[in-house]
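Student: For reference, this is my_file.txt, and it has compact mmCIF, C-alpha atoms.
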# COMPACT_ATOMS: atom_id res chain seq x y z
CA MET A 1440 345.39 -15.59 117.24
CA ALA A 1441 345.83 -14.98 113.52
CA ARG A 1442 346.35 -18.04 111.34
CA ILE A 1443 349.13 -16.39 109.35
CA ALA A 1444 351.75 -13.82 110.30
CA ILE A 1445 351.01 -10.12 110.21
CA PRO A 1446 354.26 -8.64 108.89
CA THR A 1447 355.57 -5.17 109.58
CA LYS A 1448 355.95 -2.85 106.61
CA GLU A 1449 359.63 -3.74 106.48
CA GLN A 1450 358.90 -7.49 106.53
CA ALA A 1451 356.31 -7.23 103.74
CA PRO A 1452 357.30 -7.99 100.14
CA VAL A 1453 358.93 -5.02 98.43
CA LYS A 1454 356.01 -4.71 95.97
CA SER A 1455 353.61 -4.33 98.91
CA GLN A 1456 355.54 -1.69 100.83
CA PRO A 1457 354.41 1.43 98.86
CA ILE A 1458 350.76 0.46 99.36
CA LEU A 1459 351.32 -0.10 103.08
CA GLU A 1460 353.14 3.25 103.28
CA ASN A 1461 350.08 4.94 101.78
CA TYR A 1462 347.77 3.42 104.41
CA ASP A 1463 350.22 4.51 107.11
CA LYS A 1464 350.21 8.06 105.69
CA VAL A 1465 346.43 8.30 105.35
CA LEU A 1466 345.38 6.49 108.56
CA GLY A 1467 348.47 7.04 110.72
CA THR A 1468 348.77 3.26 111.03
CA ILE A 1469 348.74 0.14 108.90
CA PRO A 1470 345.68 -1.90 109.86
CA ASN A 1471 346.44 -5.56 110.50
CA PHE A 1472 344.16 -6.57 107.63
CA PHE A 1473 346.28 -4.75 105.04
CA ALA A 1474 349.54 -5.91 106.62
CA MET A 1475 348.30 -9.50 106.64
CA ILE A 1476 347.27 -9.57 102.98
CA SER A 1477 350.47 -7.74 101.98
CA GLN A 1478 352.10 -11.17 101.88
CA SER A 1479 350.47 -11.39 98.45
CA PRO A 1480 351.29 -8.15 96.63
CA ASP A 1481 348.64 -9.00 94.01
CA ALA A 1482 345.90 -9.47 96.62
CA LEU A 1483 346.94 -6.27 98.43
CA LYS A 1484 346.94 -4.25 95.20
CA ALA A 1485 343.54 -5.61 94.16
CA ILE A 1486 342.01 -4.82 97.57
CA ALA A 1487 343.65 -1.37 97.73
CA ASP A 1488 342.47 -0.53 94.21
CA MET A 1489 338.91 -1.63 95.02
CA HIS A 1490 339.01 0.29 98.30
CA ALA A 1491 340.15 3.46 96.53
CA THR A 1492 337.77 3.16 93.57
CA LEU A 1493 334.40 1.82 94.69
CA GLY A 1494 331.39 3.63 96.04
CA LYS A 1495 332.38 7.25 95.46
CA SER A 1496 328.83 8.07 94.34
CA LEU A 1497 327.53 6.84 97.71
CA GLY A 1498 329.73 9.04 99.88
CA HIS A 1499 332.08 7.93 102.64
CA LYS A 1500 329.43 7.79 105.36
CA THR A 1501 327.17 5.43 103.44
CA ARG A 1502 330.18 3.29 102.47
CA GLU A 1503 331.11 2.89 106.16
CA ARG A 1504 327.51 2.11 107.00
CA ILE A 1505 327.48 -0.65 104.38
CA HIS A 1506 330.73 -2.07 105.78
CA VAL A 1507 329.29 -2.13 109.31
CA MET A 1508 326.14 -3.88 108.08
CA THR A 1509 328.00 -6.43 105.99
CA ALA A 1510 330.40 -7.22 108.84
CA GLU A 1511 327.41 -7.96 111.05
CA VAL A 1512 325.74 -10.13 108.40
CA ASN A 1513 328.96 -12.11 107.81
CA GLY A 1514 329.99 -12.39 111.45
CA CYS A 1515 333.23 -10.46 110.97
CA SER A 1516 334.18 -8.93 114.31
CA TYR A 1517 337.41 -7.48 112.88
CA CYS A 1518 335.56 -5.49 110.19
CA LEU A 1519 332.71 -4.56 112.54
CA THR A 1520 335.16 -3.09 115.04
CA ALA A 1521 337.30 -1.34 112.41
CA HIS A 1522 334.43 0.19 110.45
CA SER A 1523 332.52 1.23 113.57
CA TYR A 1524 335.65 3.05 114.73
CA LEU A 1525 336.27 4.64 111.32
CA GLY A 1526 332.60 5.55 110.93
CA ALA A 1527 332.56 7.32 114.29
CA LYS A 1528 336.01 8.92 114.28
CA LEU A 1529 336.44 9.84 110.63
CA MET A 1530 332.85 10.15 109.38
CA GLY A 1531 331.13 11.46 112.51
CA LEU A 1532 328.50 8.71 112.57
CA THR A 1533 326.64 8.55 115.86
CA ALA A 1534 326.49 5.50 118.11
CA GLU A 1535 322.75 5.34 117.39
CA ASP A 1536 323.31 5.30 113.63
CA LEU A 1537 326.10 2.71 113.86
CA GLU A 1538 323.84 0.46 115.92
CA LEU A 1539 321.07 0.78 113.31
CA ASN A 1540 323.59 0.14 110.52
CA ARG A 1541 324.27 -3.31 111.93
CA SER A 1542 320.72 -4.37 111.01
CA GLY A 1543 320.58 -2.54 107.68
CA HIS A 1544 319.12 0.80 108.76
CA SER A 1545 320.21 4.39 109.34
CA THR A 1546 319.00 7.59 110.97
CA ASP A 1547 319.54 9.27 107.58
CA PRO A 1548 316.52 8.53 105.32
CA LYS A 1549 318.46 8.21 102.04
CA ALA A 1550 321.19 6.12 103.68
CA ASP A 1551 318.45 4.00 105.24
CA ALA A 1552 317.13 3.14 101.77
CA ALA A 1553 320.64 2.20 100.59
CA LEU A 1554 321.27 0.09 103.70
CA THR A 1555 317.89 -1.62 103.56
CA PHE A 1556 318.65 -2.63 99.98
CA ALA A 1557 322.27 -3.64 100.74
CA TYR A 1558 321.11 -5.67 103.74
CA LYS A 1559 318.65 -7.61 101.59
CA VAL A 1560 321.35 -8.16 98.95
CA ALA A 1561 323.79 -9.39 101.61
CA LYS A 1562 321.35 -11.65 103.46
CA SER A 1563 319.93 -13.18 100.26
CA ARG A 1564 323.27 -13.29 98.43
CA GLY A 1565 321.68 -11.15 95.73
CA HIS A 1566 318.40 -13.02 95.39
CA ILE A 1567 316.24 -9.95 95.97
CA GLU A 1568 312.67 -9.18 94.96
CA ASP A 1569 311.67 -6.65 92.30
CA ALA A 1570 310.07 -4.61 95.09
CA ASP A 1571 313.47 -4.25 96.79
CA PHE A 1572 314.97 -2.84 93.62
CA ASP A 1573 311.97 -0.57 93.09
CA ALA A 1574 312.23 0.78 96.65
CA VAL A 1575 315.89 1.81 96.38
CA ARG A 1576 315.23 3.42 93.02
CA ALA A 1577 312.19 5.26 94.47
CA ALA A 1578 314.45 6.60 97.24
CA GLY A 1579 316.37 8.48 94.55
CA PHE A 1580 319.22 6.13 93.70
CA SER A 1581 320.25 5.94 90.04
CA ASP A 1582 321.06 2.66 88.37
CA ALA A 1583 324.78 3.54 88.64
CA GLU A 1584 324.42 4.16 92.37
CA ILE A 1585 322.55 0.89 92.81
CA VAL A 1586 325.45 -0.86 91.08
CA ASP A 1587 327.76 0.92 93.54
CA ILE A 1588 325.69 -0.27 96.52
CA VAL A 1589 326.01 -3.87 95.33
CA ALA A 1590 329.72 -3.42 94.54
CA GLU A 1591 330.43 -1.96 97.97
CA THR A 1592 328.51 -4.81 99.60
CA ALA A 1593 330.47 -7.35 97.56
CA PHE A 1594 333.75 -5.65 98.45
CA SER A 1595 332.82 -5.92 102.12
CA PHE A 1596 332.18 -9.64 101.62
CA ILE A 1597 335.75 -9.99 100.32
CA THR A 1598 337.32 -8.30 103.34
CA ASN A 1599 335.02 -10.22 105.71
CA LEU A 1600 336.05 -13.48 104.07
CA PHE A 1601 339.76 -12.71 104.50
CA ASN A 1602 339.39 -11.64 108.12
CA ASN A 1603 337.15 -14.54 109.10
CA THR A 1604 339.38 -17.08 107.34
CA PHE A 1605 342.66 -15.81 108.77
CA LYS A 1606 341.28 -14.67 112.15
CA THR A 1607 342.98 -11.31 111.75
CA GLU A 1608 343.96 -9.85 115.12
CA ARG A 1609 342.11 -6.65 115.92
CA ASP A 1610 344.17 -3.47 115.86
CA SER A 1611 344.58 -1.83 119.27
CA LEU A 1612 343.49 1.46 117.67
CA PHE A 1613 340.05 -0.02 116.97
CA GLN A 1614 339.26 -1.02 120.55
CA PRO A 1615 336.98 -1.61 122.29
CA ALA A 1616 336.21 -4.66 120.26
CA LEU A 1617 332.65 -5.21 119.16
CA THR A 1618 331.18 -8.64 118.88
CA VAL A 1619 328.83 -9.79 116.21
CA ARG A 1620 325.32 -10.46 117.46
CA ALA A 1621 324.30 -13.06 114.91
CA ALA A 1622 326.35 -14.45 112.07
CA ALA A 1623 323.78 -16.02 109.79
Would you put the structure from the file into structure tokens?

Tutor:
Amino acid sequence: MARIAIPTKEQAPVKSQPILENYDKVLGTIPNFFAMISQSPDALKAIADMHATLGKSLGHKTRERIHVMTAEVNGCSYCLTAHSYLGAKLMGLTAEDLELNRSGHSTDPKADAALTFAYKVAKSRGHIEDADFDAVRAAGFSDAEIVDIVAETAFSFITNLFNNTFKTERDSLFQPALTVRAAA
């Protein structure tokens, strides 16, 4: 059970309602995560702005892959379930790829390089080796794209932290629920 209430759009602060309406329009629903943080219009706006802005150079599929990986690393079942669903339904990622994403890999070679790097960044909290940086650059990622990989990973950490802290209830749309294998 969630530690704080998950308001409806109508129960949310007035400043939060337009942002929630946008998620409802785009996704056909308001995920519990966004409804929950809507209690703080500032937090909701910051998260929504980051969500809309980050990682465009990486493409939507790689962004979802990073979110799946980071959710696994941080033990966030809510995000793992949501991003696995979104990756499959909206991005067309295969079950095989999503399973690989959880451990920082992909069936797509370029995405694999991004995920391998992001996984090392996530697991080490950014304390990577020069060889890790050299490998992602050798895979064809520009410095700007490498910044985007780290930014997307950091953004995932933020959402994982919220959902783990508040024990956000999973949305029925995102069932069946996945469980995290190892939260270390």

Student: So that I can see what lies close to Phe1556 of chain A, please list as a ChimeraX atom specification the residues with an atom at most 12 Å from it, counting all atoms listed in the file and leaving out residues fewer than 6 positions away in the same chain.

Tutor: /A:1505,1508-1509,1540,1542-1545,1549-1550,1562-1578,1580,1584-1589,1591-1592

Student: May I have the residues from that selection written out with C-alpha atoms, as a short mmCIF file (atom, residue, chain, number, x, y, z; two decimals), in the coordinates of the input?

Tutor:
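Output (part-v6.cif):
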data_model
loop_
_atom_site.label_atom_id
_atom_site.label_comp_id
_atom_site.auth_asym_id
_atom_site.auth_seq_id
_atom_site.Cartn_x
_atom_site.Cartn_y
_atom_site.Cartn_z
CA ILE A 1505 327.48 -0.65 104.38
CA MET A 1508 326.14 -3.88 108.08
CA THR A 1509 328.00 -6.43 105.99
CA ASN A 1540 323.59 0.14 110.52
CA SER A 1542 320.72 -4.37 111.01
CA GLY A 1543 320.58 -2.54 107.68
CA HIS A 1544 319.12 0.80 108.76
CA SER A 1545 320.21 4.39 109.34
CA LYS A 1549 318.46 8.21 102.04
CA ALA A 1550 321.19 6.12 103.68
CA LYS A 1562 321.35 -11.65 103.46
CA SER A 1563 319.93 -13.18 100.26
CA ARG A 1564 323.27 -13.29 98.43
CA GLY A 1565 321.68 -11.15 95.73
CA HIS A 1566 318.40 -13.02 95.39
CA ILE A 1567 316.24 -9.95 95.97
CA GLU A 1568 312.67 -9.18 94.96
CA ASP A 1569 311.67 -6.65 92.30
CA ALA A 1570 310.07 -4.61 95.09
CA ASP A 1571 313.47 -4.25 96.79
CA PHE A 1572 314.97 -2.84 93.62
CA ASP A 1573 311.97 -0.57 93.09
CA ALA A 1574 312.23 0.78 96.65
CA VAL A 1575 315.89 1.81 96.38
CA ARG A 1576 315.23 3.42 93.02
CA ALA A 1577 312.19 5.26 94.47
CA ALA A 1578 314.45 6.60 97.24
CA PHE A 1580 319.22 6.13 93.70
CA GLU A 1584 324.42 4.16 92.37
CA ILE A 1585 322.55 0.89 92.81
CA VAL A 1586 325.45 -0.86 91.08
CA ASP A 1587 327.76 0.92 93.54
CA ILE A 1588 325.69 -0.27 96.52
CA VAL A 1589 326.01 -3.87 95.33
CA GLU A 1591 330.43 -1.96 97.97
CA THR A 1592 328.51 -4.81 99.60
#

Student: Point out the residue among A:Pro1480, A:Gly1467, A:Pro1548, A:Gly1494 with the least atom-to-atom distance to Pro1452 of chain A, counting only C-alpha atoms.

Tutor: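 Residue with the minimum atom-to-atom distance to Pro1452 of chain A: A:Pro1480.
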
Student: Would you tabulate, counting only C-alpha atoms, all residues of segment 1447-1565 of chain A that have an atom at most 6 Å from an atom of segment 1608-1618 of chain A, showing the closest pair of atoms and their distance in Å to one decimal, sorted by chain then ascending number, as CSV?

Tutor:
residue,atom,partner,partner_atom,distance
A:Ser1516,CA,A:Thr1618,CA,5.5
A:Tyr1517,CA,A:Arg1609,CA,5.7
A:Thr1520,CA,A:Leu1617,CA,5.3
A:Ala1521,CA,A:Phe1613,CA,5.5
A:Tyr1524,CA,A:Phe1613,CA,5.8

Student: For the atom pair atom CA of Gln1456 of chain A and atom CA of Phe1601 of chain A, what is the interatomic distance in Å to one decimal place?

Tutor: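 The value is 19.6 Å.
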
Student: Of the residues A:Thr1607, A:Ser1595, A:Thr1447, A:Thr1468, which is the one nearest to His1506 of chain A, using all atoms listed in the file?

Tutor: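 Closest to His1506 of chain A, using all atoms listed in the file: A:Ser1595.
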
Student: With distances taken over only C-alpha atoms, which residue among A:Phe1605, A:Thr1598, A:Ile1486, A:Tyr1462 lies nearest His1522 of chain A?

Tutor: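 So, comparing all the options, the nearest one is A:Thr1598.
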
Student: Let me make sure I understand: among A:Asn1513, A:Thr1546, A:Ser1523, A:Ser1581, which one has the smallest atom-to-atom distance to Ser1496 of chain A if we use only C-alpha atoms?

Tutor: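 When distances to Ser1496 of chain A are compared using only C-alpha atoms, the smallest one comes from A:Ser1581.
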
Student: Measuring atom to atom with only C-alpha atoms, identify which of A:Ala1534, A:Gln1478, A:Gly1579, A:Arg1541 is nearest to Leu1497 of chain A.

Tutor: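 Smallest separation from Leu1497 of chain A among the options: A:Gly1579.
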
Student: Taking only C-alpha atoms into account, which of A:Ala1583, A:Ile1597, A:Cys1515, A:Val1619 comes nearest Ala1485 of chain A?

Tutor: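 With only C-alpha atoms as the atom set, the closest residue is A:Ile1597.
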
Student: Which polymer residues, protein or nucleic acid, are no farther than 12 Å from (352.8, -11.7, 109.3), counting all atoms listed in the file, as a count of residues only?

Tutor: 25

Student: What's the separation between atom CA of Asp1536 of chain A and atom CA of Cys1518 of chain A, in Å to one decimal place?

Tutor: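 Going from atom CA of Asp1536 of chain A over to atom CA of Cys1518 of chain A covers 16.7 Å.
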
Student: Hey, can you check how far atom CA of Asp1551 of chain A sits from atom CA of Leu1600 of chain A?

Tutor: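 Atom CA of Leu1600 of chain A lies 24.8 Å from atom CA of Asp1551 of chain A.
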
Student: With all atoms listed in the file as the counted atoms, please give the residues lying no more than 10 Å from Lys1500 of chain A, apart from itself and same-chain residues fewer than 5 positions off, as an MDAnalysis selection string.

Tutor: chainID A and resid 1505:1506 1525:1527 1529:1532 1550

Student: Residues within 7 Å of Leu1519 of chain A, please, as a list in words. Count all atoms listed in the file; anything in the same chain fewer than 5 positions from it doesn't count.

Tutor: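 What passes the distance filter is Val1507, Ala1510, Glu1511 and Leu1617 of chain A.
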